[in-house]
$ cat my_file-v6.cif   # mmCIF, C-alpha atoms
data_structure
#
loop_
_atom_site.group_PDB
_atom_site.id
_atom_site.type_symbol
_atom_site.label_atom_id
_atom_site.label_comp_id
_atom_site.auth_asym_id
_atom_site.auth_seq_id
_atom_site.Cartn_x
_atom_site.Cartn_y
_atom_site.Cartn_z
ATOM 1 C CA MET A 1 -33.299 48.776 101.206
ATOM 2 C CA SER A 2 -31.919 47.911 97.780
ATOM 3 C CA ASP A 3 -33.276 45.385 95.290
ATOM 4 C CA MET A 4 -31.546 42.020 95.364
ATOM 5 C CA PRO A 5 -30.680 39.429 92.683
ATOM 6 C CA ILE A 6 -33.691 37.323 91.710
ATOM 7 C CA ILE A 7 -33.499 33.566 92.222
ATOM 8 C CA ASP A 8 -35.665 31.241 90.146
ATOM 9 C CA THR A 9 -36.180 28.349 92.564
ATOM 10 C CA GLU A 10 -37.574 26.163 89.762
ATOM 11 C CA LYS A 11 -34.293 26.356 87.851
ATOM 12 C CA CYS A 12 -31.951 26.455 90.877
ATOM 13 C CA GLN A 13 -30.219 23.155 91.640
ATOM 14 C CA VAL A 14 -28.647 24.517 94.871
ATOM 15 C CA CYS A 15 -25.125 23.843 93.528
ATOM 16 C CA GLY A 16 -23.897 26.783 95.647
ATOM 17 C CA LEU A 17 -21.616 28.389 93.029
ATOM 18 C CA CYS A 18 -23.433 31.734 93.397
ATOM 19 C CA VAL A 19 -23.017 31.602 97.167
ATOM 20 C CA SER A 20 -19.315 30.843 96.756
ATOM 21 C CA VAL A 21 -18.626 33.886 94.538
ATOM 22 C CA CYS A 22 -20.794 36.338 96.474
ATOM 23 C CA ALA A 23 -18.308 38.612 98.254
ATOM 24 C CA CYS A 24 -20.873 40.444 100.392
ATOM 25 C CA GLY A 25 -22.631 37.397 101.820
ATOM 26 C CA ALA A 26 -25.981 38.350 100.284
ATOM 27 C CA LEU A 27 -26.628 34.811 99.081
ATOM 28 C CA LYS A 28 -27.075 31.948 101.504
ATOM 29 C CA VAL A 29 -28.342 28.381 101.409
ATOM 30 C CA VAL A 30 -31.218 28.079 103.881
ATOM 31 C CA ASP A 31 -33.151 24.805 104.153
ATOM 32 C CA ASN A 32 -31.637 23.581 100.894
ATOM 33 C CA THR A 33 -32.764 26.702 99.044
ATOM 34 C CA VAL A 34 -30.632 29.629 97.872
ATOM 35 C CA LYS A 35 -31.905 32.867 99.381
ATOM 36 C CA ALA A 36 -30.899 36.472 98.736
ATOM 37 C CA VAL A 37 -30.615 38.273 102.044
ATOM 38 C CA LYS A 38 -31.381 41.970 101.740
ATOM 39 C CA THR A 39 -28.239 44.002 102.288
ATOM 40 C CA ASP A 40 -26.923 47.347 101.150
ATOM 41 C CA ASP A 41 -23.506 45.722 100.726
ATOM 42 C CA CYS A 42 -24.613 44.085 97.443
ATOM 43 C CA ARG A 43 -22.913 46.163 94.738
ATOM 44 C CA TRP A 44 -24.724 44.375 91.867
ATOM 45 C CA CYS A 45 -21.466 42.860 90.644
ATOM 46 C CA THR A 46 -23.606 40.243 88.807
ATOM 47 C CA LEU A 47 -21.009 37.505 89.390
ATOM 48 C CA CYS A 48 -23.754 35.247 90.793
ATOM 49 C CA GLU A 49 -25.656 35.556 87.502
ATOM 50 C CA LEU A 50 -22.440 35.009 85.520
ATOM 51 C CA VAL A 51 -21.430 31.764 87.240
ATOM 52 C CA CYS A 52 -24.854 30.110 87.557
ATOM 53 C CA PRO A 53 -24.814 27.080 85.217
ATOM 54 C CA TYR A 54 -28.630 26.885 85.216
ATOM 55 C CA GLY A 55 -29.565 30.497 84.458
ATOM 56 C CA ALA A 56 -31.392 30.572 87.775
ATOM 57 C CA ILE A 57 -30.191 33.978 88.998
ATOM 58 C CA SER A 58 -30.912 37.257 87.339
ATOM 59 C CA CYS A 59 -29.561 40.699 88.127
ATOM 60 C CA PRO A 60 -31.691 42.971 85.950
ATOM 61 C CA PHE A 61 -30.802 46.575 85.185
ATOM 62 C CA GLU A 62 -33.271 49.388 84.858
ATOM 63 C CA ILE A 63 -32.327 51.557 81.886
ATOM 64 C CA VAL A 64 -33.153 55.214 82.437
ATOM 65 C CA LEU A 65 -32.431 58.480 80.733
ATOM 66 C CA ASP A 66 -30.550 61.035 82.796
ATOM 67 C CA SER A 67 -32.869 63.906 83.758
ATOM 68 C CA ASP A 68 -30.908 66.461 81.669
ATOM 69 C CA GLN A 69 -31.230 64.247 78.571
ATOM 70 C CA GLU A 70 -35.037 64.076 78.555
ATOM 71 C CA MET B 1 -7.331 14.082 101.724
ATOM 72 C CA PRO B 2 -8.042 11.106 99.416
ATOM 73 C CA ILE B 3 -9.318 11.954 95.950
ATOM 74 C CA GLN B 4 -13.011 11.102 95.500
ATOM 75 C CA MET B 5 -13.605 8.633 92.680
ATOM 76 C CA ASP B 6 -17.069 10.053 91.935
ATOM 77 C CA LEU B 7 -15.475 13.407 91.237
ATOM 78 C CA LEU B 8 -12.876 11.923 88.915
ATOM 79 C CA LYS B 9 -15.628 10.065 87.038
ATOM 80 C CA SER B 10 -17.511 13.301 86.457
ATOM 81 C CA ILE B 11 -14.489 14.999 84.825
ATOM 82 C CA PRO B 12 -14.769 14.830 81.010
ATOM 83 C CA TYR B 13 -11.104 13.786 80.717
ATOM 84 C CA PHE B 14 -11.855 10.564 82.554
ATOM 85 C CA HIS B 15 -15.236 9.587 81.079
ATOM 86 C CA GLY B 16 -15.544 5.932 80.111
ATOM 87 C CA LEU B 17 -12.633 4.690 82.213
ATOM 88 C CA SER B 18 -12.951 1.647 84.459
ATOM 89 C CA ASP B 19 -12.904 1.999 88.235
ATOM 90 C CA SER B 20 -9.483 0.323 88.396
ATOM 91 C CA VAL B 21 -7.970 2.835 85.935
ATOM 92 C CA LEU B 22 -9.639 5.706 87.788
ATOM 93 C CA ALA B 23 -8.171 4.418 91.045
ATOM 94 C CA LEU B 24 -4.746 4.409 89.400
ATOM 95 C CA ILE B 25 -5.230 7.978 88.159
ATOM 96 C CA GLY B 26 -6.503 8.960 91.613
ATOM 97 C CA ARG B 27 -3.141 8.029 93.070
ATOM 98 C CA HIS B 28 -1.458 10.665 90.896
ATOM 99 C CA VAL B 29 -4.031 13.391 91.431
ATOM 100 C CA PHE B 30 -3.513 15.832 94.290
ATOM 101 C CA GLU B 31 -5.731 18.403 95.911
ATOM 102 C CA LYS B 32 -5.086 22.142 96.062
ATOM 103 C CA LYS B 33 -7.196 24.796 97.747
ATOM 104 C CA ALA B 34 -7.276 28.510 97.022
ATOM 105 C CA GLU B 35 -9.082 31.527 98.383
ATOM 106 C CA ARG B 36 -11.144 34.076 96.459
ATOM 107 C CA GLY B 37 -8.925 36.325 94.347
ATOM 108 C CA GLU B 38 -5.899 34.048 94.490
ATOM 109 C CA ILE B 39 -4.062 33.853 91.172
ATOM 110 C CA LEU B 40 -3.741 30.225 90.135
ATOM 111 C CA SER B 41 -1.722 30.678 86.967
ATOM 112 C CA PHE B 42 -0.048 33.689 85.432
ATOM 113 C CA GLU B 43 -0.141 34.656 81.780
ATOM 114 C CA GLY B 44 3.269 34.164 80.172
ATOM 115 C CA THR B 45 4.546 31.629 82.678
ATOM 116 C CA PRO B 46 5.075 27.898 82.153
ATOM 117 C CA SER B 47 3.222 25.315 84.233
ATOM 118 C CA ASP B 48 3.454 21.553 84.489
ATOM 119 C CA VAL B 49 0.159 20.899 86.287
ATOM 120 C CA LEU B 50 -3.274 20.481 84.703
ATOM 121 C CA TYR B 51 -6.049 21.496 87.098
ATOM 122 C CA PHE B 52 -9.668 20.372 87.389
ATOM 123 C CA VAL B 53 -12.113 22.446 89.395
ATOM 124 C CA VAL B 54 -13.776 20.324 92.066
ATOM 125 C CA ALA B 55 -15.623 23.060 93.973
ATOM 126 C CA GLY B 56 -16.013 26.789 93.452
ATOM 127 C CA VAL B 57 -15.416 28.888 90.350
ATOM 128 C CA VAL B 58 -12.267 29.965 88.498
ATOM 129 C CA LYS B 59 -12.021 32.656 85.820
ATOM 130 C CA GLU B 60 -9.563 32.680 82.936
ATOM 131 C CA PHE B 61 -8.757 36.239 81.910
ATOM 132 C CA LYS B 62 -6.380 38.719 80.363
ATOM 133 C CA ILE B 63 -5.632 42.277 81.397
ATOM 134 C CA SER B 64 -5.203 44.830 78.623
ATOM 135 C CA ALA B 65 -2.450 47.463 78.604
ATOM 136 C CA ASP B 66 -4.943 50.014 79.968
ATOM 137 C CA GLY B 67 -5.921 47.710 82.827
ATOM 138 C CA LYS B 68 -9.227 46.339 81.492
ATOM 139 C CA GLU B 69 -10.000 42.746 82.369
ATOM 140 C CA GLN B 70 -11.474 40.465 79.729
ATOM 141 C CA ILE B 71 -12.839 37.179 81.022
ATOM 142 C CA PHE B 72 -12.491 34.415 78.457
ATOM 143 C CA ARG B 73 -13.959 31.555 80.378
ATOM 144 C CA ILE B 74 -15.763 30.737 83.593
ATOM 145 C CA ILE B 75 -14.460 27.402 84.838
ATOM 146 C CA ARG B 76 -16.991 25.487 86.918
ATOM 147 C CA PRO B 77 -16.715 22.130 88.717
ATOM 148 C CA GLY B 78 -15.676 19.390 86.274
ATOM 149 C CA ASP B 79 -13.926 21.829 83.902
ATOM 150 C CA SER B 80 -10.165 22.114 83.572
ATOM 151 C CA PHE B 81 -7.522 24.753 82.896
ATOM 152 C CA ASN B 82 -3.787 25.055 82.174
ATOM 153 C CA GLU B 83 -3.988 22.781 79.117
ATOM 154 C CA VAL B 84 -1.791 24.935 76.890
ATOM 155 C CA PRO B 85 1.418 24.935 78.973
ATOM 156 C CA VAL B 86 0.919 21.320 80.015
ATOM 157 C CA LEU B 87 0.196 19.888 76.571
ATOM 158 C CA SER B 88 2.349 22.120 74.383
ATOM 159 C CA GLY B 89 5.139 22.847 76.810
ATOM 160 C CA GLY B 90 4.658 26.566 76.204
ATOM 161 C CA VAL B 91 3.481 29.275 78.561
ATOM 162 C CA ASN B 92 0.008 30.184 79.815
ATOM 163 C CA LEU B 93 -1.827 32.363 77.298
ATOM 164 C CA ALA B 94 -4.117 33.783 79.981
ATOM 165 C CA SER B 95 -4.180 34.054 83.752
ATOM 166 C CA ALA B 96 -6.521 32.136 86.036
ATOM 167 C CA ALA B 97 -7.876 33.291 89.391
ATOM 168 C CA ALA B 98 -10.228 31.890 92.010
ATOM 169 C CA MET B 99 -13.598 33.698 92.067
ATOM 170 C CA SER B 100 -14.510 31.982 95.317
ATOM 171 C CA THR B 101 -12.883 29.565 97.709
ATOM 172 C CA VAL B 102 -11.951 26.753 95.332
ATOM 173 C CA VAL B 103 -10.882 23.150 95.550
ATOM 174 C CA LEU B 104 -8.814 21.886 92.637
ATOM 175 C CA ASN B 105 -7.496 18.516 91.623
ATOM 176 C CA GLY B 106 -4.145 18.656 89.864
ATOM 177 C CA ILE B 107 -2.232 16.162 87.775
ATOM 178 C CA LYS B 108 1.356 16.611 86.690
ATOM 179 C CA LYS B 109 2.245 16.778 83.002
ATOM 180 C CA LYS B 110 4.425 13.656 83.200
ATOM 181 C CA ASP B 111 1.656 11.593 84.848
ATOM 182 C CA LEU B 112 -0.979 12.843 82.393
ATOM 183 C CA GLU B 113 1.272 11.944 79.438
ATOM 184 C CA ASN B 114 1.768 8.454 80.832
ATOM 185 C CA PHE B 115 -1.994 7.932 81.177
ATOM 186 C CA ILE B 116 -2.582 9.200 77.647
ATOM 187 C CA LYS B 117 -0.031 6.685 76.323
ATOM 188 C CA GLU B 118 -1.440 3.790 78.337
ATOM 189 C CA HIS B 119 -5.159 4.577 77.972
ATOM 190 C CA PRO B 120 -6.188 5.874 74.534
ATOM 191 C CA GLN B 121 -9.646 6.726 75.938
ATOM 192 C CA VAL B 122 -7.995 9.590 77.863
ATOM 193 C CA ALA B 123 -6.562 10.886 74.562
ATOM 194 C CA LEU B 124 -9.992 10.684 72.885
ATOM 195 C CA ASN B 125 -11.588 12.513 75.812
ATOM 196 C CA LEU B 126 -8.859 15.136 75.627
ATOM 197 C CA VAL B 127 -9.570 15.701 71.924
ATOM 198 C CA LYS B 128 -13.275 16.232 72.727
ATOM 199 C CA VAL B 129 -12.490 18.683 75.538
ATOM 200 C CA LEU B 130 -10.112 20.681 73.331
ATOM 201 C CA SER B 131 -12.550 20.643 70.394
ATOM 202 C CA ARG B 132 -15.240 22.182 72.594
ATOM 203 C CA ARG B 133 -12.719 24.761 73.764
ATOM 204 C CA VAL B 134 -11.902 25.656 70.136
ATOM 205 C CA GLU B 135 -15.632 26.068 69.410
ATOM 206 C CA GLU B 136 -16.013 28.454 72.351
ATOM 207 C CA LEU B 137 -12.954 30.474 71.384
ATOM 208 C CA ILE B 138 -13.995 30.730 67.731
ATOM 209 C CA ALA B 139 -17.380 32.085 68.849
ATOM 210 C CA LEU B 140 -15.557 34.669 70.957
ATOM 211 C CA VAL B 141 -13.181 35.578 68.104
ATOM 212 C CA GLU B 142 -16.208 35.997 65.832
ATOM 213 C CA ASP B 143 -17.719 38.443 68.312
ATOM 214 C CA PHE B 144 -14.477 40.386 68.609
ATOM 215 C CA SER B 145 -13.765 40.443 64.900
ATOM 216 C CA PHE B 146 -16.980 40.782 62.984
ATOM 217 C CA ARG B 147 -19.655 42.078 65.273
ATOM 218 C CA HIS B 148 -19.997 45.587 66.500
ATOM 219 C CA VAL B 149 -21.284 44.478 69.864
ATOM 220 C CA SER B 150 -21.062 47.903 71.526
ATOM 221 C CA GLY B 151 -23.211 49.391 68.780
ATOM 222 C CA ARG B 152 -25.859 46.720 69.211
ATOM 223 C CA VAL B 153 -25.820 47.034 72.993
ATOM 224 C CA ALA B 154 -26.235 50.809 72.555
ATOM 225 C CA LYS B 155 -29.251 50.196 70.306
ATOM 226 C CA ILE B 156 -30.871 47.897 72.876
ATOM 227 C CA LEU B 157 -30.311 50.447 75.637
ATOM 228 C CA LEU B 158 -32.031 53.116 73.553
ATOM 229 C CA GLU B 159 -34.941 50.794 72.777
ATOM 230 C CA TYR B 160 -35.470 49.867 76.408
ATOM 231 C CA THR B 161 -34.980 53.284 77.962
ATOM 232 C CA GLY B 162 -37.600 54.415 80.408
ATOM 233 C CA SER B 163 -38.038 57.562 82.435
ATOM 234 C CA ALA B 164 -36.548 57.913 85.887
ATOM 235 C CA GLY B 165 -39.104 57.221 88.585
ATOM 236 C CA SER B 166 -41.535 55.242 86.431
ATOM 237 C CA ALA B 167 -41.916 51.457 86.202
ATOM 238 C CA ASN B 168 -39.554 50.413 83.434
ATOM 239 C CA PRO B 169 -38.744 47.077 81.877
ATOM 240 C CA ARG B 170 -35.535 45.625 83.277
ATOM 241 C CA LEU B 171 -32.910 43.666 81.392
ATOM 242 C CA THR B 172 -30.141 41.390 82.602
ATOM 243 C CA GLN B 173 -26.781 41.214 80.811
ATOM 244 C CA GLN B 174 -27.763 37.649 79.887
ATOM 245 C CA GLU B 175 -30.968 38.892 78.259
ATOM 246 C CA ILE B 176 -29.154 41.645 76.351
ATOM 247 C CA ALA B 177 -26.683 38.998 75.129
ATOM 248 C CA ALA B 178 -29.527 36.739 74.019
ATOM 249 C CA ILE B 179 -31.311 39.580 72.202
ATOM 250 C CA ILE B 180 -28.279 40.596 70.163
ATOM 251 C CA GLY B 181 -26.838 37.082 69.811
ATOM 252 C CA THR B 182 -23.553 37.421 71.622
ATOM 253 C CA ALA B 183 -21.795 36.080 74.715
ATOM 254 C CA ARG B 184 -22.704 37.592 78.073
ATOM 255 C CA GLU B 185 -19.036 38.447 78.651
ATOM 256 C CA MET B 186 -19.160 40.679 75.561
ATOM 257 C CA VAL B 187 -22.108 42.625 76.980
ATOM 258 C CA GLY B 188 -20.212 43.378 80.181
ATOM 259 C CA ARG B 189 -17.247 44.567 78.137
ATOM 260 C CA SER B 190 -19.471 46.708 75.899
ATOM 261 C CA LEU B 191 -21.169 48.359 78.872
ATOM 262 C CA LYS B 192 -17.725 49.280 80.222
ATOM 263 C CA ASN B 193 -16.793 50.672 76.802
ATOM 264 C CA LEU B 194 -19.993 52.727 76.625
ATOM 265 C CA GLU B 195 -19.309 54.052 80.109
ATOM 266 C CA GLY B 196 -15.760 54.921 79.014
ATOM 267 C CA GLU B 197 -17.207 56.839 76.054
ATOM 268 C CA GLY B 198 -19.341 58.867 78.472
ATOM 269 C CA ALA B 199 -22.596 57.621 76.938
ATOM 270 C CA ILE B 200 -23.853 55.827 80.046
ATOM 271 C CA LYS B 201 -23.207 55.585 83.759
ATOM 272 C CA MET B 202 -23.519 52.298 85.643
ATOM 273 C CA GLU B 203 -25.120 52.813 89.029
ATOM 274 C CA ARG B 204 -25.691 49.543 90.892
ATOM 275 C CA ASN B 205 -28.753 48.070 89.149
ATOM 276 C CA ARG B 206 -29.390 51.063 86.910
ATOM 277 C CA ILE B 207 -27.893 52.015 83.583
ATOM 278 C CA ILE B 208 -28.248 55.758 83.210
ATOM 279 C CA ILE B 209 -27.985 57.208 79.732
ATOM 280 C CA THR B 210 -25.932 60.335 80.305
ATOM 281 C CA ASN B 211 -25.372 61.266 76.663
ATOM 282 C CA LYS B 212 -28.134 60.119 74.342
ATOM 283 C CA GLU B 213 -26.524 61.648 71.256
ATOM 284 C CA THR B 214 -23.232 59.766 71.796
ATOM 285 C CA LEU B 215 -25.175 56.561 72.413
ATOM 286 C CA LYS B 216 -27.172 57.056 69.209
ATOM 287 C CA GLU B 217 -23.972 57.702 67.306
ATOM 288 C CA ILE B 218 -22.427 54.443 68.613
ATOM 289 C CA ALA B 219 -25.671 52.631 67.778
ATOM 290 C CA GLY B 220 -25.516 54.006 64.237
ATOM 291 C CA ILE B 221 -28.812 55.874 64.634
ATOM 292 C CA MET B 222 -28.440 59.465 63.513
#

$ encode --input "my_file-v6.cif" --output "structure tokens"
Amino acid sequence: MSDMPIIDTEKCQVCGLCVSVCACGALKVVDNTVKAVKTDDCRWCTLCELVCPYGAISCPFEIVLDSDQE
Amino acid sequence: MPIQMDLLKSIPYFHGLSDSVLALIGRHVFEKKAERGEILSFEGTPSDVLYFVVAGVVKEFKISADGKEQIFRIIRPGDSFNEVPVLSGGVNLASAAAMSTVVLNGIKKKDLENFIKEHPQVALNLVKVLSRRVEELIALVEDFSFRHVSGRVAKILLEYTGSAGSANPRLTQQEIAAIIGTAREMVGRSLKNLEGEGAIKMERNRIIITNKETLKEIAGIM
């Protein structure tokens, strides 16, 4: 199963903007907390990170060298 | 649905107004809903309604001749759009689209002008809103004009490259933007440019350097 966006619950104010832009339904508010539900449908569009006013969501990229470039 | 006074109070345009004035404004404000992806205003067309985002997110963007989208602004609850056609009588300089299901409050140009004439506080608030907008746009123009953002993004990618299969440091677009001192939107654009140049390949949450020499050339490291 793929990695999912990381939610910093200390910074998150549960405004729900990330949930509203998430097209694959990977983000949900459960018990007044935003949760990332593991799904292969998440294409890492990073819109949740873009719209979060509190910098509470991060979608980090691993930077790797292609095998034929090493 | 009646317009909520608390929402109107939170909109920068209406800061500092009494409840009675807000109630008067509320009578001229109407609600509009839109679904994700719906275009709310088209570049090059006139509009006589100023919109405030109440819920959800709207993006303001332009599409280049070769089909690339450049987002200029993310409009969150409390923020407004459509100022240019409403205040200058011209056409929209960019398009706006709903990024999620959105709820908007709209006010017609004629009603807004009447409130500005009758309540100078609205005019002062408007000046503050537009001044902030100018600041944001100047920062973006600076990035476009004077900074070789793609080159600096390329340099960061080279610095943070790890080997496939090993535990590597990970960077968000926000972090890359913070490291090189630019807007996050510029990082997204630069990554697309680098992909277009064949230097990298974006693969979900991995950036794969497919041509190190091209990337070094763009980064100015030879």

$ residues_around --input "my_file-v6.cif" --residues "range 180-186 of chain B" --least-positions-apart "6" --cutoff "7 Å" --atoms "only C-alpha atoms" --output "PDB file with C-alpha atoms, in the frame of the given file"
ATOM      1  CA  ILE B  71     -12.839  37.179  81.022  1.00  0.00           C
ATOM      2  CA  ASP B 143     -17.719  38.443  68.312  1.00  0.00           C
ATOM      3  CA  ARG B 152     -25.859  46.720  69.211  1.00  0.00           C
ATOM      4  CA  GLN B 173     -26.781  41.214  80.811  1.00  0.00           C
ATOM      5  CA  GLN B 174     -27.763  37.649  79.887  1.00  0.00           C
TER       6      GLN B 174
END

$ closest_residue --input "my_file-v6.cif" --among "B:Arg133, B:Lys68, B:Lys212, B:Arg189" --to "chain A" --atoms "all atoms listed in the file"
B:Lys212

$ residues_around --input "my_file-v6.cif" --residues "Cys22 in chain A" --least-positions-apart "5" --cutoff "10 Å" --atoms "all atoms listed in the file" --output "count of residues only"
11

$ atom_distance --input "my_file-v6.cif" --atom1 "CA of Thr33 in chain A" --atom2 "CA of Val51 in chain A"
17.1 Å

$ atom_distance --input "my_file-v6.cif" --atom1 "CA of Lys117 in chain B" --atom2 "CA of Glu60 in chain B"
28.5 Å

$ resolve_selection --input "my_file-v6.cif" --expression "the PyMOL selection byres ((chain A) within 9 of (chain B))" --output "VMD selection string"
chain A and resid 3 16 to 23 42 to 47 49 to 51 53 55 58 to 70

$ write_last_selection --input "my_file-v6.cif" --atoms "C-alpha atoms" --output "PDB file, in the frame of the given file"
ATOM      1  CA  ASP A   3     -33.276  45.385  95.290  1.00  0.00           C
ATOM      2  CA  GLY A  16     -23.897  26.783  95.647  1.00  0.00           C
ATOM      3  CA  LEU A  17     -21.616  28.389  93.029  1.00  0.00           C
ATOM      4  CA  CYS A  18     -23.433  31.734  93.397  1.00  0.00           C
ATOM      5  CA  VAL A  19     -23.017  31.602  97.167  1.00  0.00           C
ATOM      6  CA  SER A  20     -19.315  30.843  96.756  1.00  0.00           C
ATOM      7  CA  VAL A  21     -18.626  33.886  94.538  1.00  0.00           C
ATOM      8  CA  CYS A  22     -20.794  36.338  96.474  1.00  0.00           C
ATOM      9  CA  ALA A  23     -18.308  38.612  98.254  1.00  0.00           C
ATOM     10  CA  CYS A  42     -24.613  44.085  97.443  1.00  0.00           C
ATOM     11  CA  ARG A  43     -22.913  46.163  94.738  1.00  0.00           C
ATOM     12  CA  TRP A  44     -24.724  44.375  91.867  1.00  0.00           C
ATOM     13  CA  CYS A  45     -21.466  42.860  90.644  1.00  0.00           C
ATOM     14  CA  THR A  46     -23.606  40.243  88.807  1.00  0.00           C
ATOM     15  CA  LEU A  47     -21.009  37.505  89.390  1.00  0.00           C
ATOM     16  CA  GLU A  49     -25.656  35.556  87.502  1.00  0.00           C
ATOM     17  CA  LEU A  50     -22.440  35.009  85.520  1.00  0.00           C
ATOM     18  CA  VAL A  51     -21.430  31.764  87.240  1.00  0.00           C
ATOM     19  CA  PRO A  53     -24.814  27.080  85.217  1.00  0.00           C
ATOM     20  CA  GLY A  55     -29.565  30.497  84.458  1.00  0.00           C
ATOM     21  CA  SER A  58     -30.912  37.257  87.339  1.00  0.00           C
ATOM     22  CA  CYS A  59     -29.561  40.699  88.127  1.00  0.00           C
ATOM     23  CA  PRO A  60     -31.691  42.971  85.950  1.00  0.00           C
ATOM     24  CA  PHE A  61     -30.802  46.575  85.185  1.00  0.00           C
ATOM     25  CA  GLU A  62     -33.271  49.388  84.858  1.00  0.00           C
ATOM     26  CA  ILE A  63     -32.327  51.557  81.886  1.00  0.00           C
ATOM     27  CA  VAL A  64     -33.153  55.214  82.437  1.00  0.00           C
ATOM     28  CA  LEU A  65     -32.431  58.480  80.733  1.00  0.00           C
ATOM     29  CA  ASP A  66     -30.550  61.035  82.796  1.00  0.00           C
ATOM     30  CA  SER A  67     -32.869  63.906  83.758  1.00  0.00           C
ATOM     31  CA  ASP A  68     -30.908  66.461  81.669  1.00  0.00           C
ATOM     32  CA  GLN A  69     -31.230  64.247  78.571  1.00  0.00           C
ATOM     33  CA  GLU A  70     -35.037  64.076  78.555  1.00  0.00           C
TER      34      GLU A  70
END

$ resolve_selection --input "my_file-v6.cif" --expression "the PyMOL selection byres ((chain B and resi 9) around 12)" --output "number ranges by chain"
B: 3-8, 10-23, 25-26, 52, 54, 78, 122

$ resolve_selection --input "my_file-v6.cif" --expression "the PyMOL selection byres ((chain A and resi 11) around 9)" --output "JSON, numbers by chain"
{"A": [7, 8, 9, 10, 12, 13, 54, 55, 56, 57]}

$ atom_distance --input "my_file-v6.cif" --atom1 "CA of Leu87 in chain B" --atom2 "CA of Ser145 in chain B"
27.5 Å

$ residues_around --input "my_file-v6.cif" --residues "range 41-50 of chain B" --least-positions-apart "4" --cutoff "12 Å" --atoms "all atoms listed in the file" --output "ChimeraX atom specification"
/B:13,28-32,34,37,58-64,79-98,104-113,126

$ build_atoms --input "my_file-v6.cif" --residues "range 74-85 of chain B" --atoms "N, CA and C atoms" --output "PDB file, in the frame of the given file"
ATOM      1  N   ILE B  74     -15.425  31.015  82.204  1.00  0.00           N
ATOM      2  CA  ILE B  74     -15.763  30.737  83.593  1.00  0.00           C
ATOM      3  C   ILE B  74     -15.608  29.229  83.754  1.00  0.00           C
ATOM      4  N   ILE B  75     -14.772  28.826  84.692  1.00  0.00           N
ATOM      5  CA  ILE B  75     -14.460  27.402  84.838  1.00  0.00           C
ATOM      6  C   ILE B  75     -15.168  26.870  86.081  1.00  0.00           C
ATOM      7  N   ARG B  76     -16.157  26.010  85.835  1.00  0.00           N
ATOM      8  CA  ARG B  76     -16.991  25.487  86.918  1.00  0.00           C
ATOM      9  C   ARG B  76     -16.547  24.067  87.275  1.00  0.00           C
ATOM     10  N   PRO B  77     -17.111  23.493  88.345  1.00  0.00           N
ATOM     11  CA  PRO B  77     -16.715  22.130  88.717  1.00  0.00           C
ATOM     12  C   PRO B  77     -16.810  21.141  87.553  1.00  0.00           C
ATOM     13  N   GLY B  78     -15.747  20.365  87.372  1.00  0.00           N
ATOM     14  CA  GLY B  78     -15.676  19.390  86.274  1.00  0.00           C
ATOM     15  C   GLY B  78     -14.831  19.902  85.122  1.00  0.00           C
ATOM     16  N   ASP B  79     -14.721  21.245  84.985  1.00  0.00           N
ATOM     17  CA  ASP B  79     -13.926  21.829  83.902  1.00  0.00           C
ATOM     18  C   ASP B  79     -12.455  21.922  84.314  1.00  0.00           C
ATOM     19  N   SER B  80     -11.609  22.109  83.316  1.00  0.00           N
ATOM     20  CA  SER B  80     -10.165  22.114  83.572  1.00  0.00           C
ATOM     21  C   SER B  80      -9.521  23.388  83.034  1.00  0.00           C
ATOM     22  N   PHE B  81      -8.303  23.654  83.474  1.00  0.00           N
ATOM     23  CA  PHE B  81      -7.522  24.753  82.896  1.00  0.00           C
ATOM     24  C   PHE B  81      -6.038  24.436  82.986  1.00  0.00           C
ATOM     25  N   ASN B  82      -5.259  25.234  82.273  1.00  0.00           N
ATOM     26  CA  ASN B  82      -3.787  25.055  82.174  1.00  0.00           C
ATOM     27  C   ASN B  82      -3.395  24.079  81.071  1.00  0.00           C
ATOM     28  N   GLU B  83      -4.304  23.765  80.156  1.00  0.00           N
ATOM     29  CA  GLU B  83      -3.988  22.781  79.117  1.00  0.00           C
ATOM     30  C   GLU B  83      -2.811  23.215  78.248  1.00  0.00           C
ATOM     31  N   VAL B  84      -2.797  24.504  77.871  1.00  0.00           N
ATOM     32  CA  VAL B  84      -1.791  24.935  76.890  1.00  0.00           C
ATOM     33  C   VAL B  84      -0.360  24.690  77.381  1.00  0.00           C
ATOM     34  N   PRO B  85       0.027  25.191  78.555  1.00  0.00           N
ATOM     35  CA  PRO B  85       1.418  24.935  78.973  1.00  0.00           C
ATOM     36  C   PRO B  85       1.694  23.462  79.224  1.00  0.00           C
TER      37      PRO B  85
END
